[in-house]
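Participant: See work-v3.cif below, with mmCIF, C-alpha atoms.
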```cif
data_protein
loop_
_atom_site.label_atom_id
_atom_site.label_comp_id
_atom_site.auth_asym_id
_atom_site.auth_seq_id
_atom_site.Cartn_x
_atom_site.Cartn_y
_atom_site.Cartn_z
CA GLY E 14 5.21 -14.02 -8.74
CA GLN E 15 3.06 -13.80 -5.67
CA GLN E 16 -0.43 -12.48 -6.26
CA LEU E 17 -3.37 -11.71 -4.04
CA ASN E 18 -6.87 -12.25 -5.36
CA GLN E 19 -9.57 -10.15 -3.78
CA SER E 20 -13.27 -10.80 -4.06
CA PRO E 21 -15.71 -9.50 -4.77
CA GLN E 22 -14.33 -6.89 -7.16
CA SER E 23 -17.16 -4.52 -6.23
CA MET E 24 -20.18 -4.39 -3.93
CA PHE E 25 -23.25 -2.18 -3.83
CA ILE E 26 -25.12 -2.53 -0.56
CA GLN E 27 -27.81 -0.85 1.50
CA GLU E 28 -26.84 1.22 4.53
CA GLY E 29 -27.02 -0.91 7.67
CA GLU E 30 -26.07 -4.15 5.94
CA ASP E 31 -23.04 -6.22 6.88
CA VAL E 32 -20.22 -6.63 4.35
CA SER E 33 -17.74 -9.46 3.82
CA MET E 34 -14.75 -9.52 1.51
CA ASN E 35 -11.78 -11.82 1.25
CA CYS E 36 -8.31 -12.17 -0.11
CA THR E 37 -6.61 -15.38 -1.20
CA SER E 38 -3.20 -16.43 -2.37
CA SER E 39 -1.59 -19.60 -3.70
CA SER E 40 1.39 -19.04 -1.40
CA ILE E 41 1.83 -18.50 2.33
CA PHE E 42 1.90 -15.04 3.84
CA ASN E 43 3.41 -14.10 7.22
CA THR E 44 1.47 -10.86 7.71
CA TRP E 45 -1.88 -9.63 6.43
CA LEU E 46 -3.09 -6.05 6.42
CA TRP E 47 -6.27 -4.32 5.32
CA TYR E 48 -6.34 -0.79 3.95
CA LYS E 49 -9.08 1.61 2.80
CA GLN E 50 -8.45 4.15 0.07
CA ASP E 51 -10.67 7.11 -0.74
CA PRO E 52 -10.47 8.86 -4.14
CA GLY E 53 -7.38 11.06 -4.42
CA GLU E 54 -5.98 9.82 -1.11
CA GLY E 55 -3.40 7.31 0.05
CA PRO E 56 -4.45 4.00 1.62
CA VAL E 57 -5.30 4.14 5.34
CA LEU E 58 -4.32 1.18 7.50
CA LEU E 59 -7.36 -0.44 9.10
CA ILE E 60 -6.12 -3.69 10.64
CA ALA E 61 -2.85 -5.64 10.80
CA LEU E 62 -2.73 -9.40 11.46
CA TYR E 63 0.39 -11.32 12.45
CA LYS E 64 -0.61 -14.87 13.46
CA ALA E 65 -2.55 -17.62 11.72
CA GLY E 66 -6.07 -17.76 13.13
CA GLU E 67 -5.83 -14.26 14.62
CA LEU E 68 -9.12 -12.36 14.76
CA THR E 69 -8.83 -8.60 15.28
CA SER E 70 -11.45 -5.85 15.47
CA ASN E 71 -11.30 -2.12 14.91
CA GLY E 72 -14.72 -0.64 15.68
CA ARG E 73 -17.21 -2.11 13.20
CA LEU E 74 -14.42 -3.83 11.28
CA THR E 75 -13.24 -7.36 11.98
CA ALA E 76 -10.47 -9.16 10.11
CA GLN E 77 -9.11 -12.68 10.35
CA PHE E 78 -5.80 -14.26 9.38
CA GLY E 79 -6.70 -17.59 7.77
CA ILE E 80 -5.50 -20.82 9.35
CA THR E 81 -3.81 -21.92 6.12
CA ARG E 82 -1.98 -18.56 6.02
CA LYS E 83 -3.11 -18.23 2.42
CA ASP E 84 -6.17 -16.09 3.02
CA SER E 85 -7.70 -13.29 5.05
CA PHE E 86 -11.19 -11.92 5.55
CA LEU E 87 -12.58 -8.48 6.36
CA ASN E 88 -16.07 -7.92 7.70
CA ILE E 89 -17.80 -4.59 8.17
CA SER E 90 -20.90 -4.57 10.32
CA ALA E 91 -23.82 -2.14 10.02
CA SER E 92 -22.36 -0.23 7.05
CA ILE E 93 -22.69 3.55 6.87
CA PRO E 94 -22.21 5.92 3.90
CA SER E 95 -18.66 6.86 4.94
CA ASP E 96 -17.62 3.20 4.47
CA VAL E 97 -17.63 3.92 0.72
CA GLY E 98 -14.20 3.44 -0.83
CA ILE E 99 -11.77 0.84 -2.11
CA TYR E 100 -10.57 -1.82 0.33
CA PHE E 101 -7.20 -3.44 -0.28
CA CYS E 102 -5.69 -6.47 1.32
CA ALA E 103 -1.91 -6.57 1.53
CA GLY E 104 0.53 -9.13 2.79
CA GLN E 105 4.10 -10.02 3.49
CA PRO E 106 5.00 -13.16 1.50
CA GLN E 107 6.69 -15.91 3.49
CA ARG E 108 9.53 -16.09 1.00
CA SER E 109 10.52 -12.43 1.28
CA SER E 110 14.17 -12.38 2.28
CA GLY E 111 14.85 -10.59 5.54
CA ASN E 112 12.65 -7.67 6.50
CA THR E 113 12.55 -5.93 3.15
CA GLY E 114 9.19 -4.41 3.93
CA LYS E 115 7.74 -5.45 0.59
CA LEU E 116 3.97 -5.66 0.70
CA ILE E 117 1.97 -7.39 -2.02
CA PHE E 118 -1.43 -5.77 -2.63
CA GLY E 119 -4.66 -7.19 -4.00
CA GLN E 120 -6.61 -5.48 -6.77
CA GLY E 121 -9.11 -3.98 -4.35
CA THR E 122 -12.81 -4.31 -3.55
CA THR E 123 -14.89 -1.22 -4.35
CA LEU E 124 -17.68 -0.68 -1.84
CA GLN E 125 -20.67 1.54 -2.50
CA VAL E 126 -23.31 2.13 0.16
CA LYS E 127 -26.82 3.27 -0.66
CA PRO E 128 -28.34 5.47 2.07
CA GLU X 7 1.85 13.22 15.76
CA THR X 8 2.65 14.31 12.18
CA GLY X 9 1.58 11.94 9.42
CA VAL X 10 3.32 11.14 6.15
CA THR X 11 3.51 14.07 3.76
CA GLN X 12 4.41 14.09 0.07
CA SER X 13 5.22 16.77 -2.47
CA PRO X 14 4.25 17.81 -4.99
CA THR X 15 0.60 16.80 -5.12
CA HIS X 16 0.43 16.73 -8.90
CA LEU X 17 3.08 16.84 -11.60
CA ILE X 18 3.04 16.83 -15.40
CA LYS X 19 6.21 15.84 -17.25
CA THR X 20 7.19 15.06 -20.81
CA ARG X 21 8.51 11.69 -21.95
CA GLY X 22 12.28 11.50 -21.51
CA GLN X 23 12.41 14.01 -18.65
CA GLN X 24 13.47 13.31 -15.08
CA VAL X 25 11.38 13.78 -11.93
CA THR X 26 12.02 13.91 -8.17
CA LEU X 27 9.27 13.19 -5.67
CA ARG X 28 9.63 13.89 -1.95
CA CYS X 29 8.32 12.27 1.21
CA SER X 30 8.50 13.10 4.90
CA SER X 31 7.94 10.14 7.18
CA GLN X 32 5.63 10.02 10.18
CA SER X 33 7.38 11.19 13.33
CA GLY X 34 9.21 8.33 15.03
CA HIS X 35 9.41 6.22 11.86
CA ASN X 36 12.81 5.40 10.38
CA THR X 37 11.76 3.39 7.32
CA VAL X 38 10.27 4.63 4.05
CA SER X 39 8.79 2.52 1.26
CA TRP X 40 7.73 3.73 -2.19
CA TYR X 41 4.90 2.28 -4.27
CA GLN X 42 3.50 2.92 -7.73
CA GLN X 43 -0.26 2.69 -8.15
CA ALA X 44 -1.66 2.60 -11.68
CA LEU X 45 -5.29 3.56 -12.19
CA GLY X 46 -7.62 0.82 -10.97
CA GLN X 47 -4.81 -1.28 -9.50
CA GLY X 48 -3.32 -1.97 -6.11
CA PRO X 49 0.00 -0.36 -5.17
CA GLN X 50 3.19 -2.05 -6.42
CA PHE X 51 6.34 -2.01 -4.29
CA ILE X 52 9.25 -0.04 -5.79
CA PHE X 53 11.78 -0.10 -2.93
CA GLN X 54 12.29 0.54 0.76
CA TYR X 55 14.88 2.63 2.61
CA TYR X 56 15.99 1.92 6.17
CA ARG X 57 18.65 4.03 7.88
CA GLU X 58 19.61 5.63 4.57
CA GLU X 59 20.23 2.29 2.81
CA GLU X 60 18.07 0.53 0.21
CA ASN X 61 16.51 -2.42 2.01
CA GLY X 62 14.64 -4.28 -0.71
CA ARG X 63 13.52 -3.58 -4.26
CA GLY X 64 10.61 -4.63 -6.43
CA ASN X 65 10.57 -5.29 -10.18
CA PHE X 66 11.39 -1.78 -11.33
CA PRO X 67 14.24 -0.78 -13.67
CA PRO X 68 17.35 1.07 -12.43
CA ARG X 69 16.01 4.39 -13.73
CA PHE X 70 13.90 4.33 -10.56
CA SER X 71 16.23 5.35 -7.75
CA GLY X 72 15.90 6.76 -4.28
CA LEU X 73 17.53 8.39 -1.32
CA GLN X 74 16.87 8.58 2.38
CA PHE X 75 18.22 11.43 4.47
CA PRO X 76 19.39 11.48 8.12
CA ASN X 77 16.01 12.90 9.19
CA TYR X 78 14.41 9.83 7.48
CA SER X 79 12.76 11.85 4.73
CA SER X 80 13.14 10.35 1.28
CA GLU X 81 13.21 11.09 -2.44
CA LEU X 82 12.15 9.00 -5.41
CA ASN X 83 13.88 9.84 -8.68
CA VAL X 84 12.75 8.59 -12.06
CA ASN X 85 14.93 9.17 -15.13
CA ALA X 86 13.99 8.94 -18.80
CA LEU X 87 10.27 9.07 -18.09
CA GLU X 88 7.99 6.84 -20.15
CA LEU X 89 4.27 7.17 -20.75
CA ASP X 90 3.65 4.08 -18.59
CA ASP X 91 5.21 5.85 -15.62
CA SER X 92 1.99 7.87 -15.30
CA ALA X 93 0.58 6.79 -11.94
CA LEU X 94 0.01 7.73 -8.31
CA TYR X 95 3.28 7.43 -6.39
CA LEU X 96 2.80 6.58 -2.75
CA CYS X 97 5.25 6.85 0.08
CA ALA X 98 4.73 4.85 3.27
CA SER X 99 6.62 5.05 6.54
CA SER X 100 7.05 2.48 9.27
CA LEU X 101 9.29 1.41 12.08
CA GLY X 102 12.14 -0.88 11.03
CA GLY X 103 12.71 -4.56 11.64
CA ALA X 104 9.69 -6.76 12.21
CA ALA X 105 7.38 -3.72 12.20
CA ALA X 106 8.46 -2.75 8.68
CA TYR X 107 5.23 -4.17 7.26
CA GLU X 108 2.84 -1.98 9.28
CA GLN X 109 3.09 0.87 6.78
CA TYR X 110 1.34 4.24 6.91
CA PHE X 111 0.81 5.98 3.59
CA GLY X 112 0.95 9.58 2.50
CA PRO X 113 -1.58 11.13 0.12
CA GLY X 114 0.54 10.42 -2.95
CA THR X 115 1.91 12.36 -5.91
CA ARG X 116 -0.08 12.08 -9.14
CA LEU X 117 2.45 11.97 -12.02
CA THR X 118 1.27 12.41 -15.59
CA VAL X 119 3.75 11.80 -18.42
CA THR X 120 2.79 13.17 -21.84
#
```
In structure tokens, how does this file's structure come out?

Facilitator:
Amino acid sequence: GQQLNQSPQSMFIQEGEDVSMNCTSSSIFNTWLWYKQDPGEGPVLLIALYKAGELTSNGRLTAQFGITRKDSFLNISASIPSDVGIYFCAGQPQRSSGNTGKLIFGQGTTLQVKP
Amino acid sequence: ETGVTQSPTHLIKTRGQQVTLRCSSQSGHNTVSWYQQALGQGPQFIFQYYREEENGRGNFPPRFSGLQFPNYSSELNVNALELDDSALYLCASSLGGAAAYEQYFGPGTRLTVT
């Protein structure tokens, strides 16, 4: 079945540093989304991407929908301690029939920020 | 604007029992999706409800069933609980149609099966 591979699996960075993470698939996706999940909470939607090549920002976060439609990237600039959490990519596979709303999630990237 | 709410927060059940989890969608949203998230994993799609009808299903057995009500709230029912059903169950709401993928999650229900 469709799978999303996120990398890196975890990151431990210094406050103020920039962060990059990515998500890849062997198949084409029509929509990419990025979520952040804190312990004991549900995922919070950060950015949604709908077109190949699209670059979208939300504050210090910037995400891109890859040209091949098989990948997406999330960058966080000038990290702060509250950026700590697990970041998930999610996507709508091209082959999903109709608008079933099924999202495929990656395994997550755990981010830790040292003050 | 009211966000997605779920109840209960935590639940402990015994193998073989049945459980019902509840979800209220964000105001203005008519679509509810349910996901199962095992520890250390990303969420896995169970099914979606749109206008009270099931609108897509993931690879989960029939003992996972759901309902959506006229006010767009939803229930997830799991029969004959197994140990592997222990997980965080997440509900997400969205608008229907092409916007069905922009999903907003509730805090989840932590189910433990012993």

Participant: Using all atoms listed in the file, what table do you get, as a tab-separated table, when you list each residue of chain E with an atom no more than 7 Å from chain X, its nearest pair of atoms, and their distance in Å rounded to one decimal, rows by chain then rising number?

Facilitator:
```
residue	atom	partner	partner_atom	distance
E:Glu54	CA	X:Pro113	CA	4.8
E:Gly55	CA	X:Pro113	CA	4.2
E:Pro56	CA	X:Phe111	CA	6.0
E:Val57	CA	X:Phe111	CA	6.6
E:Leu58	CA	X:Tyr110	CA	6.5
E:Ala61	CA	X:Glu108	CA	6.9
E:Asn112	CA	X:Gly103	CA	6.0
E:Thr113	CA	X:Gly62	CA	4.7
E:Gly114	CA	X:Ala106	CA	5.1
E:Lys115	CA	X:Phe51	CA	6.1
E:Leu116	CA	X:Phe51	CA	6.6
E:Phe118	CA	X:Gly48	CA	5.5
E:Gly119	CA	X:Gly48	CA	5.8
E:Gln120	CA	X:Gly48	CA	4.9
E:Gly121	CA	X:Gly48	CA	6.4
```

Participant: Could you pull out every residue with an atom within 10 Å of (-2.4, -15.8, 10.7), file coordinates, counting only C-alpha atoms, and send them as a PyMOL selection string?

Facilitator: chain E and resi 41-45+62-68+77-85

Participant: Write the residues you've just listed into a file as a PDB file, in the frame of the given file, and include C-alpha atoms for each of them.

Facilitator:
```
ATOM      1  CA  ILE E  41       1.830 -18.500   2.330  1.00  0.00           C
ATOM      2  CA  PHE E  42       1.900 -15.040   3.840  1.00  0.00           C
ATOM      3  CA  ASN E  43       3.410 -14.100   7.220  1.00  0.00           C
ATOM      4  CA  THR E  44       1.470 -10.860   7.710  1.00  0.00           C
ATOM      5  CA  TRP E  45      -1.880  -9.630   6.430  1.00  0.00           C
ATOM      6  CA  LEU E  62      -2.730  -9.400  11.460  1.00  0.00           C
ATOM      7  CA  TYR E  63       0.390 -11.320  12.450  1.00  0.00           C
ATOM      8  CA  LYS E  64      -0.610 -14.870  13.460  1.00  0.00           C
ATOM      9  CA  ALA E  65      -2.550 -17.620  11.720  1.00  0.00           C
ATOM     10  CA  GLY E  66      -6.070 -17.760  13.130  1.00  0.00           C
ATOM     11  CA  GLU E  67      -5.830 -14.260  14.620  1.00  0.00           C
ATOM     12  CA  LEU E  68      -9.120 -12.360  14.760  1.00  0.00           C
ATOM     13  CA  GLN E  77      -9.110 -12.680  10.350  1.00  0.00           C
ATOM     14  CA  PHE E  78      -5.800 -14.260   9.380  1.00  0.00           C
ATOM     15  CA  GLY E  79      -6.700 -17.590   7.770  1.00  0.00           C
ATOM     16  CA  ILE E  80      -5.500 -20.820   9.350  1.00  0.00           C
ATOM     17  CA  THR E  81      -3.810 -21.920   6.120  1.00  0.00           C
ATOM     18  CA  ARG E  82      -1.980 -18.560   6.020  1.00  0.00           C
ATOM     19  CA  LYS E  83      -3.110 -18.230   2.420  1.00  0.00           C
ATOM     20  CA  ASP E  84      -6.170 -16.090   3.020  1.00  0.00           C
ATOM     21  CA  SER E  85      -7.700 -13.290   5.050  1.00  0.00           C
TER      22      SER E  85
END
```

Participant: Rounded to one decimal in Å, what is the spacing between CA of Leu117 in chain X and CA of Leu17 in chain X?

Facilitator: 4.9 Å

Participant: Tell me which residues the PyMOL selection byres ((chain E and resi 27) around 9) grabs here, as a PyMOL selection string.

Facilitator: chain E and resi 25-26+28-31+92-93+125-128

Participant: Just want the 12 Å neighbourhood of Leu87 in chain E, counted on only C-alpha atoms, with same-chain residues fewer than 3 positions away dropped. Output as a PyMOL selection string.

Facilitator: chain E and resi 19-21+31-37+45-49+59-62+68-71+73-79+84+90+100-103+122

Participant: Fewer than 6 positions away in the same chain doesn't count, so skip those; otherwise give me all residues within 7 Å of range 32-35 of chain X, counting all atoms listed in the file, as number ranges by chain.

Facilitator: X: 7-10, 99-101

Participant: Got a sec to resolve the PyMOL selection byres ((chain X and resi 74-87) around 6) on this structure and send the residues as a list in words?

Facilitator: Arg21, Gly22, Gln23, Gln24, Val25, Thr26, Leu27, Arg28, Cys29, Ser30, Ser31, Asn36, Glu58, Arg69, Phe70, Ser71, Gly72, Leu73 and Glu88 of chain X

Participant: One decimal, in Å: what's the spacing between CA of Ser92 in chain X and CA of Leu124 in chain E?

Facilitator: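 Going from CA of Ser92 in chain X over to CA of Leu124 in chain E covers 25.3 Å.
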
Participant: Quick one: pull the distance between CA of Leu89 in chain X and CA of Ile99 in chain E, Å, one decimal.

Facilitator: 25.4 Å

Participant: Would you mind telling me which residue in X:Glu59, X:Ile18, X:Asp91, X:Leu45 lies nearest to Pro52 in chain E when using only C-alpha atoms?

Facilitator: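 Closest candidate: X:Leu45.
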
Participant: Could you check which of E:Asp96, E:Met24, E:Ile117, E:Ala91 is closest to Gln42 in chain X, using all atoms listed in the file?

Facilitator: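 Of the candidates, the smallest distance to Gln42 in chain X is held by E:Ile117.
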
Participant: Give, as AutoDock Vina command-line options, the centre coordinates and the x, y and z edge lengths in Å to one decimal for an axis-aligned box around all listed atoms of range 58-66 of chain X, padded by 3 Å on each side.

Facilitator:
```
--center_x 15.4 --center_y 0.2 --center_z -3.4 --size_x 15.7 --size_y 16.9 --size_z 21.9
```
